[in-house]
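Colleague: The structure that follows is given in the form of structure tokens.
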Number of protein chains: 2
Amino acid sequence: MEPGYFTETDSAEVVIARNADAKSQRLQQVMAVLTRHIHAAVKEIEPTTEEWMTALQFLTATGQMCSDWRQEYILFSDIMGVSMLVDAINNRKPSGASESTVLGPFHLADAPELPMGANICLDAKGEPMLVRGRILDTAGKPIAHAKIDVWQANDEGFYDVQQKGIQPDFNLRGVFRTGADGRYWFKGVKPKFYPIPDDGPVGKLLAALGRHPFRPAHLHYILEAQGFDTLVTHIFDPDDPYIHSDAVFGVKHSLLAKFDLITDPARIKAEGMDGPFHLVEHDFVLAAKA
Amino acid sequence: MEPGYFTETDSAEVVIARNADAKSQRLQQVMAVLTRHIHAAVKEIEPTTEEWMTALQFLTATGQMCSDWRQEYILFSDIMGVSMLVDAINNRKPSGASESTVLGPFHLADAPELPMGANICLDAKGEPMLVRGRILDTAGKPIAHAKIDVWQANDEGFYDVQQKGIQPDFNLRGVFRTGADGRYWFKGVKPKFYPIPDDGPVGKLLAALGRHPFRPAHLHYILEAQGFDTLVTHIFDPDDPYIHSDAVFGVKHSLLAKFDLITDPARIKAEGMDGPFHLVEHDFVLAAKA
């Protein structure tokens, strides 16, 4: 009988065989896939002992950077494109439905429900913005009673929760519900790009990779309606300087909106605005529950 | 021009392209290999969002278990067979040379140099053992002035540094130098299997995988001689209950020694021992420097 001792050639198989009595079949499967890929990667890389130790020190430091208010491993997953990949795998959409992107860490479950048309900007800072569009099904039919949960960074790139005492609580957040026509509209301010936290091991890695830490300006949405899959997504400003290099790979072509600057006094008046503003028109298409 | 936005299909390529300006070519190469394998693994596993979060929490907890005296990520590397793989890659030997295995965390650089034949057991605990053999080159010629640095756990499976105040300092450690005949011999005690630290995330993972944390009984060696590659290795007791299931995959066929119990009074006397003892005879073959 073969004892199954370690050899360089059979390294992954030896390890996988050892997990034959795993308590869960799923864990056994996951560990087999990870073991095969990690061993294959190590064989391709052929790390020196020092490089292997550097990798272990990076993993250690990344764990030690985590606290109740900082999850450095999610950042690592983000900048590796893994968060977006897990999002994509779990949110495959039928043709024509709006695409998802990552939730991010700044959603609040208890944002206030507001009347359609409300201004979510509570401190009058930044360039005014009017956002509107329709919530539709894949046949193009309006969805009534859809819940639109929106949140955004301000004109300096900060969320309210990052500037407690500076921004009002629940600034630039709101929950709206569509009527029979599926339409939504609300006012906010033009968002700005902002960096992911880059003072930890992941920020150092980004710098070593010659990458910046910025996310292009965007609005976050969670869209819910009975009978439809919940959609977690953003819309992005296509003119943002970082639109082609989102640090977390969140941008998809279908998520590009347009932020049109409206300066014509007649249009300003017709839209009930006080001065020049950015008009963002974007429809969302929800997929029916399978 | 293609903007290179994220898609599920091209996920790895999009991420790899982003690292084009990495400060070091080696880092760029390493990240490309890791990105390809991590994305391929995620696509095979198709983790739920909850499973992805469980993985991130494991990585976080593993980092947070690390301290000045505990390196949980090395343990993780060990139980994944990665430490042995990195060791194998960095210590490929010509045919006939003795094989390497992992260093482990218990080597001390300043163990005392002892006269050949000395007893490294300072507290007279455990079953006496006589270890001997030759240090040879791959042509079978004895190597003179070879340095033999040996250390071992005691009869309860503990190293001196784990039992400060219980075991004498430098118990079961010694450095010896061969003469012209390449021979070495010293006395110790029969070592015992012992567990790797299993009270952290890696121990929990081992348990979930249905695996025990034990390493079979072994002696550690570092062998150095001018003109030869340094050899870091163990020899193992082939009759140990864990010889086929070393938690860290350190066992190789060529590292199996024999621990013969000698009870014949004439042989005991001839070997200069006081009573029954274990005789371990093992030659080491060093590879000439490339």
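Ligands are numbered from 1 in the order shown, chains are lettered A, B, ... in the order of the structure tokens, and residues start at 1 in each chain.
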Find the spatial neighbours of segment 84-90 of chain B, counting only C-alpha atoms, within a cut-off of 8 Å - ignore same-chain residues fewer than 2 positions away - and output them as a JSON list (two decimals) with N, CA and C atoms, in the first residue's frame.

Modeller:
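Below you can see out-v1.json, which holds the result:
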[["chain", "number", "residue", "atom", "x", "y", "z"],
["A", 6, "PHE", "N", 4.85, 12.94, 0.94],
["A", 6, "PHE", "CA", 4.96, 14.13, 0.11],
["A", 6, "PHE", "C", 6.03, 13.97, -0.97],
["A", 7, "THR", "N", 5.69, 14.35, -2.19],
["A", 7, "THR", "CA", 6.70, 14.54, -3.24],
["A", 7, "THR", "C", 6.35, 15.84, -3.95],
["A", 8, "GLU", "N", 7.35, 16.46, -4.55],
["A", 8, "GLU", "CA", 7.09, 17.72, -5.26],
["A", 8, "GLU", "C", 6.05, 17.50, -6.36],
["A", 11, "SER", "N", 2.40, 16.82, -4.92],
["A", 11, "SER", "CA", 2.14, 17.57, -3.69],
["A", 11, "SER", "C", 0.65, 17.83, -3.46],
["A", 39, "HIS", "N", -1.12, 25.09, -5.04],
["A", 39, "HIS", "CA", 0.11, 24.34, -5.39],
["A", 39, "HIS", "C", 0.56, 24.64, -6.81],
["A", 42, "VAL", "N", 2.22, 28.04, -6.75],
["A", 42, "VAL", "CA", 3.56, 27.98, -6.13],
["A", 42, "VAL", "C", 4.55, 27.34, -7.11],
["A", 43, "LYS", "N", 4.11, 26.33, -7.84],
["A", 43, "LYS", "CA", 5.01, 25.67, -8.80],
["A", 43, "LYS", "C", 5.36, 26.60, -9.97],
["A", 46, "GLU", "N", 7.59, 29.48, -8.19],
["A", 46, "GLU", "CA", 8.84, 29.02, -7.56],
["A", 46, "GLU", "C", 9.40, 30.07, -6.62],
["A", 47, "PRO", "N", 8.65, 30.40, -5.56],
["A", 47, "PRO", "CA", 9.12, 31.45, -4.64],
["A", 47, "PRO", "C", 10.37, 31.02, -3.90],
["A", 48, "THR", "N", 11.25, 31.97, -3.64],
["A", 48, "THR", "CA", 12.34, 31.70, -2.70],
["A", 48, "THR", "C", 11.73, 31.62, -1.30],
["A", 49, "THR", "N", 12.52, 31.10, -0.38],
["A", 49, "THR", "CA", 12.05, 31.04, 1.00],
["A", 49, "THR", "C", 11.72, 32.44, 1.51],
["A", 52, "TRP", "N", 8.36, 33.60, 0.05],
["A", 52, "TRP", "CA", 7.28, 32.89, 0.74],
["A", 52, "TRP", "C", 7.02, 33.56, 2.09],
["B", 78, "ASP", "N", 1.75, 25.20, 6.42],
["B", 78, "ASP", "CA", 2.18, 23.84, 6.74],
["B", 78, "ASP", "C", 1.10, 22.81, 6.43],
["B", 81, "GLY", "N", 0.36, 21.91, 2.93],
["B", 81, "GLY", "CA", 1.46, 21.32, 2.16],
["B", 81, "GLY", "C", 2.30, 22.34, 1.42],
["B", 82, "VAL", "N", 2.01, 23.62, 1.64],
["B", 82, "VAL", "CA", 2.72, 24.67, 0.89],
["B", 82, "VAL", "C", 4.15, 24.84, 1.42],
["B", 92, "ARG", "N", 16.04, 21.20, -4.40],
["B", 92, "ARG", "CA", 16.11, 20.03, -5.28],
["B", 92, "ARG", "C", 17.52, 19.46, -5.20],
["B", 100, "SER", "N", 15.59, 17.02, 1.85],
["B", 100, "SER", "CA", 15.32, 18.02, 2.88],
["B", 100, "SER", "C", 13.90, 17.86, 3.40],
["B", 101, "THR", "N", 13.63, 18.52, 4.50],
["B", 101, "THR", "CA", 12.25, 18.74, 4.93],
["B", 101, "THR", "C", 12.23, 20.06, 5.71],
["B", 102, "VAL", "N", 11.05, 20.43, 6.22],
["B", 102, "VAL", "CA", 10.90, 21.77, 6.79],
["B", 102, "VAL", "C", 11.75, 21.99, 8.03],
["B", 248, "VAL", "N", 1.91, 18.21, 8.85],
["B", 248, "VAL", "CA", 2.54, 19.21, 7.97],
["B", 248, "VAL", "C", 3.19, 18.56, 6.74],
["B", 249, "PHE", "N", 2.98, 17.26, 6.52],
["B", 249, "PHE", "CA", 3.44, 16.55, 5.31],
["B", 249, "PHE", "C", 4.97, 16.47, 5.22],
["B", 250, "GLY", "N", 5.65, 16.51, 6.39],
["B", 250, "GLY", "CA", 7.10, 16.57, 6.39],
["B", 250, "GLY", "C", 7.81, 15.26, 6.05]]

Colleague: Output as a Markdown table one row per residue of segment 163-205 of chain B within 10 Å of segment 211-219 of chain B: the closest atom pair and its distance in Å to one decimal place, counting only C-alpha atoms, sorted by chain and residue number ascending.

Modeller:
| residue | atom | partner | partner_atom | distance |
| --- | --- | --- | --- | --- |
| B:Leu172 | CA | B:Leu219 | CA | 9.8 |
| B:Gly188 | CA | B:Leu219 | CA | 9.9 |
| B:Lys190 | CA | B:Ala217 | CA | 8.3 |
| B:Pro191 | CA | B:Ala217 | CA | 5.4 |
| B:Lys192 | CA | B:Ala217 | CA | 4.6 |
| B:Phe193 | CA | B:Ala217 | CA | 4.2 |
| B:Tyr194 | CA | B:Phe214 | CA | 5.3 |
| B:Pro195 | CA | B:Phe214 | CA | 4.0 |
| B:Ile196 | CA | B:Pro213 | CA | 5.6 |
| B:Pro197 | CA | B:Pro213 | CA | 7.6 |
| B:Asp198 | CA | B:Pro213 | CA | 6.6 |
| B:Val202 | CA | B:Pro213 | CA | 9.5 |
| B:Gly203 | CA | B:Pro213 | CA | 7.2 |
| B:Lys204 | CA | B:Arg211 | CA | 9.8 |
| B:Leu205 | CA | B:Arg211 | CA | 8.6 |

Colleague: Excluding segment 287-290 of chain B and any residue of its chain fewer than 2 positions from it, enumerate the residues within 8 Å of it, using only C-alpha atoms, and give them as a count of residues only.

Modeller: 10

Colleague: Between A:Pro105, A:Pro168, A:Gly210, A:Gly200, which has the minimum distance to chain B (counting only C-alpha atoms)?

Modeller: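 Under the stated criterion, the closest residue is A:Gly210.
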
Colleague: Select from segment 28-254 of chain B everything DSSP, run on the backbone, classes as alpha helix (DSSP H), then give the selection as a PyMOL selection string.

Modeller: chain B and resi 28-45+49-64+72-79+82-90+201-208

Colleague: Just checking: using only C-alpha atoms, which residue out of B:Leu209, B:Ile120, B:Val14, B:Val189 ends up closest to chain A?

Modeller: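 Nearest to chain A: B:Leu209.
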
Colleague: How many Å lie between atom CA of Glu127 of chain B and atom CA of Ala109 of chain B, rounded to one decimal?

Modeller: 26.4 Å

Colleague: Would you please extract all strand (DSSP E or B) residues from segment 32-145 of chain B, as assigned by DSSP on the backbone, and give them as a list of chain:residue names?

Modeller: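 Output for segment 32-145 of chain B, strand (DSSP E or B) only: B:Ser67, B:Arg70, B:Glu113, B:Asn119, B:Pro128, B:Met129, B:Leu130, B:Val131, B:Arg132, B:Gly133, B:Arg134, B:Ile135, B:Leu136, B:Asp137, B:Pro142.
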
Colleague: Take the selection from the previous step and output its residues with C-alpha atoms, as a PDB file, in the first residue's frame.

Modeller:
ATOM      1  CA  SER B  67       2.023  37.232  17.754  1.00  0.00           C
ATOM      2  CA  ARG B  70       2.952  32.335  17.254  1.00  0.00           C
ATOM      3  CA  GLU B 113      29.157  22.568  20.338  1.00  0.00           C
ATOM      4  CA  ASN B 119      24.588  12.937  25.533  1.00  0.00           C
ATOM      5  CA  PRO B 128      17.989   6.255  25.975  1.00  0.00           C
ATOM      6  CA  MET B 129      18.917   6.442  22.311  1.00  0.00           C
ATOM      7  CA  LEU B 130      22.223   6.155  20.480  1.00  0.00           C
ATOM      8  CA  VAL B 131      22.341   7.865  17.100  1.00  0.00           C
ATOM      9  CA  ARG B 132      25.155   7.349  14.634  1.00  0.00           C
ATOM     10  CA  GLY B 133      26.108   7.293  11.003  1.00  0.00           C
ATOM     11  CA  ARG B 134      28.265   8.989   8.401  1.00  0.00           C
ATOM     12  CA  ILE B 135      28.229  12.208   6.470  1.00  0.00           C
ATOM     13  CA  LEU B 136      29.069  11.340   2.858  1.00  0.00           C
ATOM     14  CA  ASP B 137      29.273  12.944  -0.537  1.00  0.00           C
ATOM     15  CA  PRO B 142      33.261  10.640   3.982  1.00  0.00           C
TER      16      PRO B 142
END

Colleague: For a quick check of understanding, using only C-alpha atoms, which of B:Ala17, B:Val280, B:Ala144, B:Leu108 has the smallest distance to Met31 of chain B?

Modeller: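 Among the listed residues, the smallest separation from Met31 of chain B belongs to B:Ala17.
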